[in-house]
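**Q** This structure is in structure tokens; I'll ask about it shortly.
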Amino acid sequence: MSSTFGRVFRVTTFGESHCRAVGAVLDGCPARLPLTAADIQPQLDRRRPGQSGIATQRREADSVTILSGTEDGLTLGSPIGLYVANRDQKPEDYADMVAIPRPSHADYTTLMKYGVKASSGGGRSSARETIGRVAAGAVAEKLLRTWHGVEIVAWVGSVGDIDAPAVDTQTLTRDEVDRDIVRCPDAAAAARMVAAVETARDRGDSIGGIVHCVCRNVPAGWGEPVFDKLEACLAQAMLSLPATKGFEIGSGFAGARMHGSVHNDPFCLKGDRLGTVTNHSGGVQGGISNGEPILMRVAFKPPATIALPQATVDCDGRPVTLEARGRHDPCVVPRAVPIVEAMAALVLADMAVRQRRMMAETA
């Protein structure tokens with residue numbers, strides 16, 4: 001089972017939705033980086049369940065404990081162990097569904113691969129697994145801010161067929177994103193999104209959406225020109241998240257409808273460096289960052305667990321009507337915002353460490 005991400009700055013997550021704890025082991029973090037639990041907890045608070053009426057009502061504090069890898073508020077260069085207890089498990093909610101592969105869940109595919117699956121929740125496919133990613137991502141963000149002043153901000157750009165207007169990606173802050181429970185910085189669009197999520201929830205249904213993300217102050221030169229292209233690593237990171245179904249960077253699929261004369265990004269002088277007049281490339285050219293903001297979008301499907309009765313079959317092929325129980329998000333995108341930020345940070349931190357090593361070796 002592949003649970004490790006990254007080449008040099010590597011994170012391994014552990015835990016299932018209803019086991020005793022979840023977390024991560026982070027290896028490759030340089031020594032003497034200032035780090036305490038206070039650097040990590042804010043992002044976990046943004047990801048945790050029960051934070052609004054449009055999120056799952058599972059009650060978890062999601063308080064992080066740093067088990068290893070730091071001393072006196074500094075990293076030691078050794079593996080950093082990050083631990084978060086599961087306290088509000090309710091495996092009994094799944095007792096009636098043990099023999100029924102839930103539609104669009106990982107129950108059937110996991111059983112086919114391993115011959116066994118977690119009897120409650122989604123096991124390793126559960127969104128609880130992302131706690132380890134968010135905790136490790138907060139460490140990655142601390143490194144990126146300390147070394148390069150990199151800023152990463154994600155927000156909800158769409159819920160269902162409701163699209164928010166474009167935002168100023170150069171100035172948008174997390175405080176502006178968090179002003180509304182749906183994490184859309186446009187108040188009018190946010191109100192319509194909340195109403196759509198509430199309607200789906202009250203009907204026993206669910207709804208999908210799109211998270212946008214910008215990474216600012218990323219230096220030019222990060223990424224590799226062939227298989228470890230920066231956009232390829234970002235795509236792998238984002239599509240490894242539960243419920244994701246699509247990834248775009250820069251112009252994305254819209255770029256396929258444009259002519260090169262429109263899509264090309266002409267160069268210009270910006271202070272003491274070259275930049276581009278437009279940014280259809282999304283901050284990456286030839287698989288390598290070009291110094292412009294990295295712009296991406298991640299599509300999340302409607303959560304698979306819904307309260308509406310669903311006609312399906314059990315593991316023996318007998319027709320059944322599934323009426324799911326449990327506490328689940330009617331829309332995942334508000335809580336996915338810090339998770340997308342975390343995965344972007346993990347990719348960029350790995351690239352930053354790799355670039356620094358390469359420059360040291362060639363000096």
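Ordering of the structure tokens sets the chain letters (A, B, ...), residue numbers begin anew at 1 in every chain, and ligands are numbered from 1 in the order given.
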Give me, as a ChimeraX atom specification, all polymer residues having an atom no more than 6 Å from Ala307 of chain A, counting only C-alpha atoms and skipping those fewer than 3 positions away in the same chain.

**A** /A:204,323-324

**Q** Output N, CA and C atoms for every residue in that selection, as a PDB file, in the first residue's frame.

**A**
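Writing the result to part_22.pdb gives the following:
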```pdb
ATOM      1  N   GLY A 204     -31.005  14.805   1.874  1.00  0.00           N
ATOM      2  CA  GLY A 204     -30.281  13.551   2.054  1.00  0.00           C
ATOM      3  C   GLY A 204     -29.313  13.278   0.926  1.00  0.00           C
ATOM      4  N   GLU A 323     -29.537   2.222   2.740  1.00  0.00           N
ATOM      5  CA  GLU A 323     -29.855   3.496   3.387  1.00  0.00           C
ATOM      6  C   GLU A 323     -28.705   3.783   4.346  1.00  0.00           C
ATOM      7  N   ALA A 324     -27.746   4.585   3.873  1.00  0.00           N
ATOM      8  CA  ALA A 324     -26.500   4.786   4.603  1.00  0.00           C
ATOM      9  C   ALA A 324     -26.719   5.544   5.901  1.00  0.00           C
TER      10      ALA A 324
END
```

**Q** Report the residues of segment 113-361 of chain A whose backbone DSSP state falls under alpha helix (DSSP H), written as a ChimeraX atom specification.

**A** /A:113-114,130-148,174-177,187-202,230-239,260-263,333-361

**Q** Based on DSSP run over this structure's backbone, return all residues of segment 81-180 of chain A in strand (DSSP E or B), as a PyMOL selection string.

**A** chain A and resi 81-85+151-159+162-163

**Q** With C-alpha atoms retained, could you export that selection as a PDB file, in the first residue's frame?

**A**
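File produced: again14.pdb:
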```pdb
ATOM      1  CA  GLY A  81       6.295  12.164  14.137  1.00  0.00           C
ATOM      2  CA  LEU A  82       2.854  13.826  14.102  1.00  0.00           C
ATOM      3  CA  TYR A  83      -0.022  12.230  16.046  1.00  0.00           C
ATOM      4  CA  VAL A  84      -3.750  13.048  16.187  1.00  0.00           C
ATOM      5  CA  ALA A  85      -6.137  10.899  18.242  1.00  0.00           C
ATOM      6  CA  GLU A 151       2.370  31.990   0.216  1.00  0.00           C
ATOM      7  CA  ILE A 152      -0.305  29.404  -0.565  1.00  0.00           C
ATOM      8  CA  VAL A 153      -4.007  30.295  -0.549  1.00  0.00           C
ATOM      9  CA  ALA A 154      -6.871  28.070  -1.692  1.00  0.00           C
ATOM     10  CA  TRP A 155     -10.570  28.903  -1.903  1.00  0.00           C
ATOM     11  CA  VAL A 156     -13.860  27.492  -3.151  1.00  0.00           C
ATOM     12  CA  GLY A 157     -14.512  28.670  -6.689  1.00  0.00           C
ATOM     13  CA  SER A 158     -17.569  26.544  -7.464  1.00  0.00           C
ATOM     14  CA  VAL A 159     -20.253  24.480  -5.779  1.00  0.00           C
ATOM     15  CA  ILE A 162     -22.617  28.032  -8.942  1.00  0.00           C
ATOM     16  CA  ASP A 163     -19.377  29.772  -9.959  1.00  0.00           C
TER      17      ASP A 163
END
```

**Q** For Thr130 of chain A, list every protein, DNA or RNA residue within 12 Å, evaluated using only C-alpha atoms, and leave out those in the same chain fewer than 2 positions away; present the list as a PyMOL selection string.

**A** chain A and resi 3+11-17+22-24+43-44+47-49+62+84+123-128+132-137+237-238+240-243+335-343
